[in-house]
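*Asks:* For reference, the structure I am asking about is given below.
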6 protein chains.
Amino acid sequence: MPNVVIDGPRIEDVEVKRVLVKEITDALEKAYKIRREAYVVIIRENPPENVSVGGRLLVDRNKT
Amino acid sequence: MPNVVIDGPRIEDVEVKRVLVKEITDALEKAYKIRREAYVVIIRENPPENVSVGGRLLVDRNKT
Amino acid sequence: MPNVVIDGPRIEDVEVKRVLVKEITDALEKAYKIRREAYVVIIRENPPENVSVGGRLLVDRNKT
Amino acid sequence: MPNVVIDGPRIEDVEVKRVLVKEITDALEKAYKIRREAYVVIIRENPPENVSVGGRLLVDRNKT
Amino acid sequence: MPNVVIDGPRIEDVEVKRVLVKEITDALEKAYKIRREAYVVIIRENPPENVSVGGRLLVDRNKT
Amino acid sequence: MPNVVIDGPRIEDVEVKRVLVKEITDALEKAYKIRREAYVVIIRENPPENVSVGGRLLVDRNKT
């Protein structure tokens, strides 16, 4: 701890994940000033049929 | 925000998810009175070997 | 299970919470068709200095 | 409720999960003294490219 | 990681928490076989007006 | 969405929170390339008697 959980859509490119967790850990380190090994970041990738914004599934968003 | 996360078993039919997130968003809108686009609902579908009730995995429930 | 966690701002009125969890449970019951006692809903109330939207704390939103 | 969510790496063997949720439920029962059926434990298995410790993805850990 | 989050009612006695997190960590250690310092357990204590079971707030449970 | 939840110890200074959520949102924006208003970050502050590392509550850490 501190632990971070990110809920978002799928990220195709591992390099994007690599940069994301590094930058989030950098931000955590500035805020909490604990040894770096303590920070855990978990990325959750959610399929578009399992997420809604404003009551509408993401999978339905491109439909009229 | 407000954000809602639902942890349940698998839902086969997308139409069931569609109705579920709409009805939950309707309930949130009545409670929080924020613009509709702000509400995010995430459905998590959990395999029966990863959930236990009363100390017993769901996958073992049909066994004697 | 199914379990629901709602993350939102503070709700002052218990009656609002009462209606919210009832309506969400009604929606869950239609979707999952499990006995009613199985559904758990947890409301988390977050102080405005602990939530950001678009990179800005809610506590700072009314400031120019 | 009480509900427990475990975030960890993949567990290959269902028997390991079976023992884990039983022992956690035993511990919960001692602490909360509620009827056993009330305890729900959910195991989340996270792929090594979605978890970082100390700012580094687990998938990159074996690399120099 | 592995991380565990427990959502339950209030626990008055710190000694009960002490035993609970120790026993859960013992169970995790048997399952994941990772060094003991890696396991984080977080206890969340929820007020009875913020939790519902079966669509009814815990705070209303003792009422007829 | 994307949503981020941070579980850590208490942060006394609001300015530290302000910088933390801004930097995390900057990192998310680079990764997901969605409009900035979509990112929600929630900070959870946990008392030391509710968190354990390695099976030991943080509140007990300074004791021999």
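Each chain in the structure tokens gets a letter, A, B and so on, in the order shown; residues start at 1 in every chain, and ligands are counted from 1 in the order they appear.
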Could you list, as a PDB file with all heavy atoms, in the first residue's frame, the residues of chain D having an atom within 9 Å of chain C when counting only C-alpha atoms?

*Replies:*
ATOM      1  N   MET D   1     -23.038  -9.681   3.209  1.00  0.00           N
ATOM      2  CA  MET D   1     -21.911  -8.979   3.812  1.00  0.00           C
ATOM      3  C   MET D   1     -21.593  -9.618   5.162  1.00  0.00           C
ATOM      4  O   MET D   1     -22.529 -10.090   5.785  1.00  0.00           O
ATOM      5  CB  MET D   1     -22.266  -7.494   4.013  1.00  0.00           C
ATOM      6  CG  MET D   1     -21.015  -6.642   4.093  1.00  0.00           C
ATOM      7  SD  MET D   1     -21.315  -4.887   4.527  1.00  0.00           S
ATOM      8  CE  MET D   1     -21.896  -5.011   6.206  1.00  0.00           C
ATOM      9  N   ASN D   3     -18.149  -8.785   2.905  1.00  0.00           N
ATOM     10  CA  ASN D   3     -17.617  -9.189   1.603  1.00  0.00           C
ATOM     11  C   ASN D   3     -16.113  -9.008   1.575  1.00  0.00           C
ATOM     12  O   ASN D   3     -15.600  -8.041   2.118  1.00  0.00           O
ATOM     13  CB  ASN D   3     -18.202  -8.298   0.502  1.00  0.00           C
ATOM     14  CG  ASN D   3     -19.712  -8.388   0.426  1.00  0.00           C
ATOM     15  OD1 ASN D   3     -20.288  -9.420   0.734  1.00  0.00           O
ATOM     16  ND2 ASN D   3     -20.336  -7.298   0.028  1.00  0.00           N
ATOM     17  N   ALA D  38     -23.511 -15.569   5.235  1.00  0.00           N
ATOM     18  CA  ALA D  38     -23.439 -14.141   4.896  1.00  0.00           C
ATOM     19  C   ALA D  38     -22.113 -13.741   4.250  1.00  0.00           C
ATOM     20  O   ALA D  38     -22.029 -12.708   3.593  1.00  0.00           O
ATOM     21  CB  ALA D  38     -23.661 -13.298   6.151  1.00  0.00           C
ATOM     22  N   VAL D  40     -19.171 -13.463   1.711  1.00  0.00           N
ATOM     23  CA  VAL D  40     -18.877 -13.649   0.287  1.00  0.00           C
ATOM     24  C   VAL D  40     -17.409 -13.316   0.052  1.00  0.00           C
ATOM     25  O   VAL D  40     -16.923 -12.282   0.519  1.00  0.00           O
ATOM     26  CB  VAL D  40     -19.772 -12.741  -0.580  1.00  0.00           C
ATOM     27  CG1 VAL D  40     -19.356 -12.793  -2.042  1.00  0.00           C
ATOM     28  CG2 VAL D  40     -21.238 -13.140  -0.420  1.00  0.00           C
TER      29      VAL D  40
END

*Asks:* What does the Cα RMSD come to when chain D is optimally superposed on chain C over every C-alpha atom in order?

*Replies:* 0.0 Å

*Asks:* Set the distance at 6 Å and use only C-alpha atoms: which residues neighbour D:Gly55 once local chain neighbours fewer than 3 positions away are removed? I'd like the list as a list in words.

*Replies:* Val21, Lys22 and Thr25 of chain A; Ser52 of chain D

*Asks:* Those same residues - N, CA and C atoms - I'd like them written as a PDB file, in the first residue's frame.

*Replies:*
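Final file, part.pdb:
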ATOM      1  N   VAL A  21       1.636   3.035 -15.586  1.00  0.00           N
ATOM      2  CA  VAL A  21       1.904   2.649 -14.188  1.00  0.00           C
ATOM      3  C   VAL A  21       3.149   3.344 -13.643  1.00  0.00           C
ATOM      4  N   LYS A  22       4.113   3.610 -14.518  1.00  0.00           N
ATOM      5  CA  LYS A  22       5.302   4.330 -14.051  1.00  0.00           C
ATOM      6  C   LYS A  22       4.937   5.753 -13.638  1.00  0.00           C
ATOM      7  N   THR A  25       2.917   5.808 -10.451  1.00  0.00           N
ATOM      8  CA  THR A  25       3.781   5.530  -9.299  1.00  0.00           C
ATOM      9  C   THR A  25       4.650   6.739  -8.958  1.00  0.00           C
TER      10      THR A  25
ATOM     11  N   SER D  52       1.408  -3.570 -11.515  1.00  0.00           N
ATOM     12  CA  SER D  52       2.772  -3.094 -11.286  1.00  0.00           C
ATOM     13  C   SER D  52       3.053  -2.993  -9.796  1.00  0.00           C
TER      14      SER D  52
END

*Asks:* DSSP on the backbone: what in chain A comes out helix (DSSP H, G or I), as a list of chain:residue names?

*Replies:*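 Taking chain A and keeping helix (DSSP H, G or I) only, one gets A:Val14, A:Glu15, A:Val16, A:Lys17, A:Arg18, A:Val19, A:Leu20, A:Val21, A:Lys22, A:Glu23, A:Ile24, A:Thr25, A:Asp26, A:Ala27, A:Leu28, A:Glu29, A:Lys30, A:Ala31, A:Tyr32, A:Arg36, A:Glu37, A:Ala38, A:Pro48, A:Glu49, A:Asn50, A:Leu58, A:Val59, A:Asp60.
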
*Asks:* Which residues come within 9 Å of B:Pro48, counting only C-alpha atoms, excluding same-chain residues fewer than 6 positions away, as a PyMOL selection string?

*Replies:* chain B and resi 9-10+57-60

*Asks:* Just list as an NGL selection string whatever in chain D DSSP marks as strand (DSSP E or B).

*Replies:* :D and (3-8 or 40-45 or 51-53 or 56-57)

*Asks:* Separation of atom CA of B:Ile34 and atom CA of B:Lys17, in Å?

*Replies:*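 Atom CA of B:Lys17 lies 22.4 Å from atom CA of B:Ile34.
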
*Asks:* Which residues are close to B:Glu23, i.e. within 10 Å by only C-alpha atoms, leaving aside same-chain residues fewer than 4 positions away? Reply as a list in words.

*Replies:* Gly55 of chain A; Lys17, Arg18, Val19, Ala27, Leu28 and Glu29 of chain B; Glu23, Ile24, Asp26, Ala27 and Leu28 of chain C

*Asks:* One number please: atom CA of C:Arg36 to atom CA of D:Arg44, in Å, one decimal.

*Replies:*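 Straight-line distance from atom CA of C:Arg36 to atom CA of D:Arg44 works out to 24.7 Å.
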
*Asks:* Give me the residues near D:Ile11 as a list in words, where near means some atom within 10 Å (using only C-alpha atoms) and where sequence neighbours in that chain fewer than 6 positions away do not count.

*Replies:* Asn50 of chain B; Lys17, Ile43, Arg44, Glu45 and Asn46 of chain D; Ala31 and Tyr32 of chain E

*Asks:* In Å to one decimal, how far is atom CA of E:Arg61 from atom CA of B:Arg56?

*Replies:*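 Result for atom CA of B:Arg56 versus atom CA of E:Arg61: 26.5 Å, one decimal.
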